[in-house]
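Below is one structure; the comments refer to it alone.
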Amino acid sequence: MLILRYSARELLRHPIRSGLAILGVAVACAMLLDMLMLGGGLNSSFESLLTTAGYELRVAPAGTLPFDTGATISDLQTVRTGMQRLDEIDGVAPVLGANLLLEGPDRPRVFVLGVDPTDQGIYRLEAGEDLRSEARGERGIVIDRELADRGLAIGDAIMLQAPGSFADARSRRGEFTIVGIADFLYSSVGERSAAVSLGTLAEITDQPDEASLLMVRLAEGADPEYVVMRLRSDFPGLEIASVGQLVERAAQRLSYFRQLAVILGTVSLIVTTLLIGTIMAISINDRYGTIAALRAIGISRRSLVAAFALESLLLSLAAAIIGLALGLLVAGQLESILSDFPGLPAAIRFFVLDPGRVGLAAAGVIAAGVLAALVPAIRAMNAPIASTLHREEP
Amino acid sequence: MTGLLVVLSAGSLIAPLASVEGVWTQDAHPLPCRVATSILIERSLAADFGLAPGDSVAIGSDPAGPGCRVMVAGVYEPDADPAELARERPRIIMHLPEVAAMAGRDDEVDRFSIRLRDPAGANDVAEDLVALMPGTRVLRAEAVAARASTTFEVVRRFHRAIGIITITAGGVFLACIMTLKVQERRSQVAALRLVGVSRSTLLSWLILEAALVSVFGGILGIGIGSLASHLINGFYQRAYQTTLEFSIVTAETVWIGLVLAVSLGLIAGAVGAVRLLQVDALAEVGR
């Protein structure tokens, strides 16, 4: 307790010095926290998004990622039936994606998904009703908030037109009635999405028996990696990946942010160490005489080193508390900048708050601060008592 | 550039015309191995596989298939375009009909560019083309460039925000060090004041010292920054197989860095010096 009081008093004796040090370390701590959140947040956010709908595997045309290109899986029914024969597979949800034009003044583009409404993990209904079937005659459509914000409402009729060759473009269109409004899980910022029955979309886009993506739900206890291996062997012309493998690929594409996080996180720790090290070195240098006097009256070296370590700990702790709050604030601002990143689902978060990472940032800063204080403290303990007392007046 | 229009099919991504990426379909027609055929390959591909002009290689859309023998006509260096980085690499360039045959997409393209006789009428022509070709999008070249650069615009804003945080951290660090540096001089300053050195002389001395430390620190920082920039370019140019410069130290950057370092150092030094000179010199030397 005595040591604690001594350490606290020393910090309060130089309020400007301590205040600036705390502020400097707090900014470094904020940066470290943000980089830790950025480093792991993207992966965990992506994984959470992919697993939220309850489908463990994704199947796309070979050489592509889901909806990366306009390529499709053909012979859909054969592929679907073949997959469903496996005991490990509980369900296969086909999705066909196409960009259609909404007839209206500026003919906006709408990304329309053809689904089987009884087995889909693409959207969550927020208002109204779901589509009734995946059949061709179904003329209901579920729209997203972007479209609803354009003045469209449940019960309205809209006309969608498919792109195509010059000759038949005018003939491939369909009239739909809006039956529901939904949250489309994989839509990117500003994208307008809608869902219709698989059969109807296939008819409009002239892609019968095709799908852009299959979402596979596994039976309880099934090993995703084993099923991926099995499906790859049975369907060599398809790209089959588990959620884990997709997360890994996404992480590779966005590796820049992870590398940046590592570099800036390391720089933050170095800055913290340098700042606290410098402040403690100067602070201890000022007290060589006092240290020698305390040692002369019998205070052990260990107690004095502990006092300096505690002083640094208090400094780092105060900085860590401010830094964590600052870090969360800055993370919100940085997230709003990166939310405009094109092509990523709007639900993806770059900065994910995780108590483990918050703890790691605080522990990193405090450990760096305490270690930085040890070097000058140990050096001061090795100074000869008599000559120091002679040279310096406490 | 002003006179260029780009026509996109509504379902297409902005993808290079002569690339086979993303066009494979399960029921693609088997590659007919049409006569011709010569290709250009990207430098990184040539380096990885030890290919040179005149070599013969087999290409195809089915990894298990035999493919078609083609001759490497040349090796090319892609433009240093940031928009190309995120796309599938490396690439080969082929004649359009051969790509179409390989992809099973005869008589199709993802996009085409139009050069106008009168660039001033680009908007009118675009409107006419949209009416003429339902289901396609017609964009001015500037719009295509803007869409392609969205990613980099976001990254630029992110870098700017990170830069502001870094400058704040650096500024506080500098202020802290300069305050400590001045305070370290307090017994010397007290002694000098007692022997008659004026406050203004001492103030000038302390500020000059702060300025020198800031300038040397700034120069050292610019040196470290330039070295880091060099390392970053080396790393990413190898990683992305490009000649693109990822980090550039400009005269403006150097100037801003130096001005910030010196001004912050001077302010911190001056504030510390003024406070130091207000302290009672006798009390400071313990009398």
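Residue numbering restarts at 1 for every chain of the structure tokens, chains are lettered A, B, ... in their displayed order, and ligands are numbered from 1 as they appear.
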
Using only C-alpha atoms, which residues of chain A come within 9 Å of chain B, and what is the closest atom pair for each, with the distance in Å to one decimal? Give it as JSON lines, sorted by chain and residue number.
{"residue": "A:Ile16", "atom": "CA", "partner": "B:Thr179", "partner_atom": "CA", "distance": 8.4}
{"residue": "A:Arg17", "atom": "CA", "partner": "B:Cys176", "partner_atom": "CA", "distance": 6.6}
{"residue": "A:Ser18", "atom": "CA", "partner": "B:Cys176", "partner_atom": "CA", "distance": 8.8}
{"residue": "A:Gly19", "atom": "CA", "partner": "B:Cys176", "partner_atom": "CA", "distance": 8.9}
{"residue": "A:Leu20", "atom": "CA", "partner": "B:Cys176", "partner_atom": "CA", "distance": 5.5}
{"residue": "A:Ala21", "atom": "CA", "partner": "B:Cys176", "partner_atom": "CA", "distance": 6.3}
{"residue": "A:Leu23", "atom": "CA", "partner": "B:Val172", "partner_atom": "CA", "distance": 7.0}
{"residue": "A:Gly24", "atom": "CA", "partner": "B:Val172", "partner_atom": "CA", "distance": 5.2}
{"residue": "A:Val25", "atom": "CA", "partner": "B:Ala169", "partner_atom": "CA", "distance": 8.0}
{"residue": "A:Ala26", "atom": "CA", "partner": "B:Ala169", "partner_atom": "CA", "distance": 8.6}
{"residue": "A:Val27", "atom": "CA", "partner": "B:Ala169", "partner_atom": "CA", "distance": 5.6}
{"residue": "A:Ala28", "atom": "CA", "partner": "B:Ala169", "partner_atom": "CA", "distance": 6.4}
{"residue": "A:Met31", "atom": "CA", "partner": "B:Ile165", "partner_atom": "CA", "distance": 7.6}
{"residue": "A:Pro61", "atom": "CA", "partner": "B:Thr25", "partner_atom": "CA", "distance": 6.7}
{"residue": "A:Ala62", "atom": "CA", "partner": "B:Trp24", "partner_atom": "CA", "distance": 7.4}
{"residue": "A:Gly63", "atom": "CA", "partner": "B:Gly22", "partner_atom": "CA", "distance": 7.1}
{"residue": "A:Thr64", "atom": "CA", "partner": "B:Gly22", "partner_atom": "CA", "distance": 6.3}
{"residue": "A:Asp68", "atom": "CA", "partner": "B:Gly22", "partner_atom": "CA", "distance": 7.5}
{"residue": "A:Thr69", "atom": "CA", "partner": "B:Gly22", "partner_atom": "CA", "distance": 5.2}
{"residue": "A:Gly70", "atom": "CA", "partner": "B:Ser12", "partner_atom": "CA", "distance": 6.9}
{"residue": "A:Ala71", "atom": "CA", "partner": "B:Thr25", "partner_atom": "CA", "distance": 5.7}
{"residue": "A:Thr72", "atom": "CA", "partner": "B:Thr25", "partner_atom": "CA", "distance": 6.1}
{"residue": "A:Ile73", "atom": "CA", "partner": "B:Gln26", "partner_atom": "CA", "distance": 6.2}
{"residue": "A:Ser74", "atom": "CA", "partner": "B:Gln26", "partner_atom": "CA", "distance": 6.0}
{"residue": "A:Asp75", "atom": "CA", "partner": "B:Gln26", "partner_atom": "CA", "distance": 8.7}
{"residue": "A:Ala98", "atom": "CA", "partner": "B:Gly11", "partner_atom": "CA", "distance": 6.5}
{"residue": "A:Asn99", "atom": "CA", "partner": "B:Gly11", "partner_atom": "CA", "distance": 5.2}
{"residue": "A:Leu100", "atom": "CA", "partner": "B:Ala10", "partner_atom": "CA", "distance": 7.4}
{"residue": "A:Leu101", "atom": "CA", "partner": "B:Gly135", "partner_atom": "CA", "distance": 7.0}
{"residue": "A:Arg109", "atom": "CA", "partner": "B:Ala10", "partner_atom": "CA", "distance": 7.8}
{"residue": "A:Gln161", "atom": "CA", "partner": "B:Gly135", "partner_atom": "CA", "distance": 7.4}
{"residue": "A:Ala162", "atom": "CA", "partner": "B:Gly135", "partner_atom": "CA", "distance": 6.3}
{"residue": "A:Pro163", "atom": "CA", "partner": "B:Gly135", "partner_atom": "CA", "distance": 3.7}
{"residue": "A:Gly164", "atom": "CA", "partner": "B:Gly135", "partner_atom": "CA", "distance": 6.0}
{"residue": "A:Ser165", "atom": "CA", "partner": "B:Gly135", "partner_atom": "CA", "distance": 8.1}
{"residue": "A:Phe166", "atom": "CA", "partner": "B:Met133", "partner_atom": "CA", "distance": 5.8}
{"residue": "A:Ala169", "atom": "CA", "partner": "B:Pro134", "partner_atom": "CA", "distance": 6.1}
{"residue": "A:Arg170", "atom": "CA", "partner": "B:Pro134", "partner_atom": "CA", "distance": 6.9}
{"residue": "A:Gly237", "atom": "CA", "partner": "B:Gln26", "partner_atom": "CA", "distance": 6.6}
{"residue": "A:Leu238", "atom": "CA", "partner": "B:Gln26", "partner_atom": "CA", "distance": 8.0}
{"residue": "A:Arg253", "atom": "CA", "partner": "B:Ala86", "partner_atom": "CA", "distance": 7.4}
{"residue": "A:Val271", "atom": "CA", "partner": "B:Phe173", "partner_atom": "CA", "distance": 8.3}
{"residue": "A:Leu275", "atom": "CA", "partner": "B:Phe173", "partner_atom": "CA", "distance": 6.7}
{"residue": "A:Thr278", "atom": "CA", "partner": "B:Ile177", "partner_atom": "CA", "distance": 7.7}
{"residue": "A:Ile279", "atom": "CA", "partner": "B:Leu180", "partner_atom": "CA", "distance": 7.5}
{"residue": "A:Ile282", "atom": "CA", "partner": "B:Leu180", "partner_atom": "CA", "distance": 7.3}
{"residue": "A:Ser283", "atom": "CA", "partner": "B:Leu180", "partner_atom": "CA", "distance": 8.8}
{"residue": "A:Asp286", "atom": "CA", "partner": "B:Glu184", "partner_atom": "CA", "distance": 7.9}
{"residue": "A:Val330", "atom": "CA", "partner": "B:Ile165", "partner_atom": "CA", "distance": 8.8}
{"residue": "A:Gln333", "atom": "CA", "partner": "B:Ala161", "partner_atom": "CA", "distance": 8.6}
{"residue": "A:Leu334", "atom": "CA", "partner": "B:Phe158", "partner_atom": "CA", "distance": 6.6}
{"residue": "A:Ile337", "atom": "CA", "partner": "B:Phe158", "partner_atom": "CA", "distance": 6.3}
{"residue": "A:Leu338", "atom": "CA", "partner": "B:Val154", "partner_atom": "CA", "distance": 6.3}
{"residue": "A:Ser339", "atom": "CA", "partner": "B:Val154", "partner_atom": "CA", "distance": 8.7}
{"residue": "A:Asp340", "atom": "CA", "partner": "B:Val154", "partner_atom": "CA", "distance": 6.6}
{"residue": "A:Phe341", "atom": "CA", "partner": "B:Thr151", "partner_atom": "CA", "distance": 5.9}
{"residue": "A:Pro342", "atom": "CA", "partner": "B:Thr151", "partner_atom": "CA", "distance": 6.1}
{"residue": "A:Glu393", "atom": "CA", "partner": "B:Gly286", "partner_atom": "CA", "distance": 8.8}

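The residues of segment 193-344 of chain A that DSSP classifies as strand (DSSP E or B), using the backbone of this structure, are Ser193, Ala194, Ala195, Val196, Ser197, Ala211, Leu213, Leu214, Met215, Val216, Arg217, Leu218, Leu238, Glu239, Ile240, Ala241 and Ser242 of chain A.
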
All helix (DSSP H, G or I) positions in segment 87-322 of chain A, as a PyMOL selection string: chain A and resi 145-148+198-205+224-234+243-253+255-286+288-296+301-322

Those same residues, written as an mmCIF file, in the first residue's frame with C-alpha atoms?
data_model
loop_
_atom_site.group_PDB
_atom_site.id
_atom_site.type_symbol
_atom_site.label_atom_id
_atom_site.label_comp_id
_atom_site.auth_asym_id
_atom_site.auth_seq_id
_atom_site.Cartn_x
_atom_site.Cartn_y
_atom_site.Cartn_z
ATOM 1 C CA ARG A 145 -35.714 -1.923 -48.021
ATOM 2 C CA GLU A 146 -33.818 -0.103 -50.809
ATOM 3 C CA LEU A 147 -36.697 -0.765 -53.182
ATOM 4 C CA ALA A 148 -39.319 -0.119 -50.519
ATOM 5 C CA LEU A 198 -36.846 -19.966 -59.047
ATOM 6 C CA GLY A 199 -39.061 -21.187 -61.893
ATOM 7 C CA THR A 200 -40.285 -17.712 -62.798
ATOM 8 C CA LEU A 201 -36.806 -16.181 -62.868
ATOM 9 C CA ALA A 202 -35.492 -19.098 -64.927
ATOM 10 C CA GLU A 203 -38.274 -18.448 -67.424
ATOM 11 C CA ILE A 204 -37.557 -14.723 -67.709
ATOM 12 C CA THR A 205 -33.806 -15.136 -68.038
ATOM 13 C CA PRO A 224 -18.469 -30.478 -43.461
ATOM 14 C CA GLU A 225 -14.943 -31.229 -44.683
ATOM 15 C CA TYR A 226 -15.840 -34.873 -45.373
ATOM 16 C CA VAL A 227 -18.999 -33.883 -47.269
ATOM 17 C CA VAL A 228 -17.032 -31.335 -49.315
ATOM 18 C CA MET A 229 -14.538 -34.055 -50.256
ATOM 19 C CA ARG A 230 -17.330 -36.464 -51.152
ATOM 20 C CA LEU A 231 -19.223 -33.915 -53.253
ATOM 21 C CA ARG A 232 -16.056 -32.856 -55.054
ATOM 22 C CA SER A 233 -15.515 -36.438 -56.046
ATOM 23 C CA ASP A 234 -19.153 -36.928 -57.154
ATOM 24 C CA VAL A 243 -18.023 -21.947 -44.790
ATOM 25 C CA GLY A 244 -14.511 -22.220 -43.320
ATOM 26 C CA GLN A 245 -12.967 -22.486 -46.787
ATOM 27 C CA LEU A 246 -14.984 -19.522 -48.057
ATOM 28 C CA VAL A 247 -13.910 -17.440 -45.076
ATOM 29 C CA GLU A 248 -10.301 -18.349 -45.838
ATOM 30 C CA ARG A 249 -10.692 -17.228 -49.467
ATOM 31 C CA ALA A 250 -12.363 -13.975 -48.450
ATOM 32 C CA ALA A 251 -9.545 -13.383 -45.964
ATOM 33 C CA GLN A 252 -7.028 -13.851 -48.777
ATOM 34 C CA ARG A 253 -8.814 -11.285 -50.927
ATOM 35 C CA SER A 255 -5.461 -9.685 -46.697
ATOM 36 C CA TYR A 256 -4.395 -6.067 -47.098
ATOM 37 C CA PHE A 257 -6.433 -5.066 -44.052
ATOM 38 C CA ARG A 258 -4.956 -7.855 -41.956
ATOM 39 C CA GLN A 259 -1.428 -6.848 -42.938
ATOM 40 C CA LEU A 260 -2.172 -3.211 -42.182
ATOM 41 C CA ALA A 261 -3.595 -4.229 -38.805
ATOM 42 C CA VAL A 262 -0.433 -6.172 -37.944
ATOM 43 C CA ILE A 263 1.859 -3.309 -38.981
ATOM 44 C CA LEU A 264 -0.061 -0.543 -37.213
ATOM 45 C CA GLY A 265 -0.716 -2.691 -34.143
ATOM 46 C CA THR A 266 3.016 -3.348 -33.836
ATOM 47 C CA VAL A 267 3.810 0.355 -34.319
ATOM 48 C CA SER A 268 1.297 1.204 -31.576
ATOM 49 C CA LEU A 269 3.000 -1.150 -29.136
ATOM 50 C CA ILE A 270 6.420 0.273 -30.040
ATOM 51 C CA VAL A 271 5.139 3.831 -29.512
ATOM 52 C CA THR A 272 3.697 2.828 -26.135
ATOM 53 C CA THR A 273 6.954 1.210 -25.057
ATOM 54 C CA LEU A 274 9.044 4.170 -26.237
ATOM 55 C CA LEU A 275 6.797 6.755 -24.636
ATOM 56 C CA ILE A 276 6.511 5.088 -21.250
ATOM 57 C CA GLY A 277 10.165 4.059 -21.377
ATOM 58 C CA THR A 278 11.273 7.640 -22.040
ATOM 59 C CA ILE A 279 9.031 9.121 -19.385
ATOM 60 C CA MET A 280 10.072 6.595 -16.780
ATOM 61 C CA ALA A 281 13.756 6.978 -17.698
ATOM 62 C CA ILE A 282 13.608 10.757 -17.227
ATOM 63 C CA SER A 283 11.474 10.425 -14.119
ATOM 64 C CA ILE A 284 13.897 7.904 -12.574
ATOM 65 C CA ASN A 285 16.936 9.958 -13.614
ATOM 66 C CA ASP A 286 15.450 12.870 -11.647
ATOM 67 C CA TYR A 288 18.741 9.071 -8.501
ATOM 68 C CA GLY A 289 19.511 10.884 -5.246
ATOM 69 C CA THR A 290 16.243 9.811 -3.631
ATOM 70 C CA ILE A 291 16.764 6.220 -4.763
ATOM 71 C CA ALA A 292 20.288 6.173 -3.300
ATOM 72 C CA ALA A 293 19.001 7.631 -0.009
ATOM 73 C CA LEU A 294 16.178 5.071 0.214
ATOM 74 C CA ARG A 295 18.595 2.260 -0.469
ATOM 75 C CA ALA A 296 20.970 3.698 2.159
ATOM 76 C CA ARG A 301 16.090 -2.949 -4.506
ATOM 77 C CA ARG A 302 13.105 -5.203 -5.161
ATOM 78 C CA SER A 303 10.728 -2.808 -3.375
ATOM 79 C CA LEU A 304 12.051 0.160 -5.334
ATOM 80 C CA VAL A 305 11.815 -1.645 -8.682
ATOM 81 C CA ALA A 306 8.284 -2.685 -7.702
ATOM 82 C CA ALA A 307 7.448 0.972 -6.953
ATOM 83 C CA PHE A 308 8.610 2.097 -10.395
ATOM 84 C CA ALA A 309 6.839 -0.813 -12.087
ATOM 85 C CA LEU A 310 3.683 0.125 -10.177
ATOM 86 C CA GLU A 311 4.047 3.751 -11.217
ATOM 87 C CA SER A 312 4.253 2.651 -14.832
ATOM 88 C CA LEU A 313 1.352 0.252 -14.303
ATOM 89 C CA LEU A 314 -0.848 3.072 -12.987
ATOM 90 C CA LEU A 315 0.131 5.249 -15.951
ATOM 91 C CA SER A 316 -0.593 2.447 -18.448
ATOM 92 C CA LEU A 317 -3.835 1.478 -16.733
ATOM 93 C CA ALA A 318 -5.182 5.017 -16.869
ATOM 94 C CA ALA A 319 -4.106 5.269 -20.512
ATOM 95 C CA ALA A 320 -5.647 1.878 -21.333
ATOM 96 C CA ILE A 321 -9.039 2.880 -19.897
ATOM 97 C CA ILE A 322 -9.107 6.119 -21.902
#

All residues 12 Å or closer to segment 71-73 of chain B, only C-alpha atoms, same chain fewer than 4 positions away omitted, as a count of residues only: 25

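You can rank B:Ala191, B:Leu277, B:Ile167, B:Leu244 by their closest distance to Pro78 of chain B using only C-alpha atoms, and at the top of that list sits B:Leu244.
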
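Close contacts of Phe235 of chain B, defined as residues with an atom at most 12 Å away when counting only C-alpha atoms, with chain neighbours fewer than 4 positions off set aside, comprise Tyr256 and Gln259 of chain A; Ala228, Ser229, His230, Leu231, Ala239, Tyr240, Gln241, Thr242, Thr243, Leu244, Glu245, Phe246 and Ser247 of chain B.
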
Could you pull the residues within 7 Å of Asp34 of chain A, counting only C-alpha atoms, minus those fewer than 4 positions along the same chain, as an mmCIF file with N, CA and C atoms, in the first residue's frame?
data_model
loop_
_atom_site.group_PDB
_atom_site.id
_atom_site.type_symbol
_atom_site.label_atom_id
_atom_site.label_comp_id
_atom_site.auth_asym_id
_atom_site.auth_seq_id
_atom_site.Cartn_x
_atom_site.Cartn_y
_atom_site.Cartn_z
ATOM 1 N N ALA A 30 -5.672 3.069 -28.343
ATOM 2 C CA ALA A 30 -6.864 3.111 -29.207
ATOM 3 C C ALA A 30 -6.530 2.509 -30.560
ATOM 4 N N LEU A 38 -9.805 -4.927 -36.271
ATOM 5 C CA LEU A 38 -9.783 -5.033 -37.734
ATOM 6 C C LEU A 38 -9.170 -6.364 -38.162
ATOM 7 N N GLY A 327 -10.720 4.077 -28.629
ATOM 8 C CA GLY A 327 -10.622 3.071 -29.694
ATOM 9 C C GLY A 327 -11.988 2.673 -30.220
ATOM 10 N N ALA A 331 -13.228 3.270 -33.922
ATOM 11 C CA ALA A 331 -13.625 2.093 -34.707
ATOM 12 C C ALA A 331 -14.961 2.354 -35.411
#

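Straight-line separation from atom CA of Leu218 of chain A to atom CA of Glu239 of chain A: 17.1 Å.
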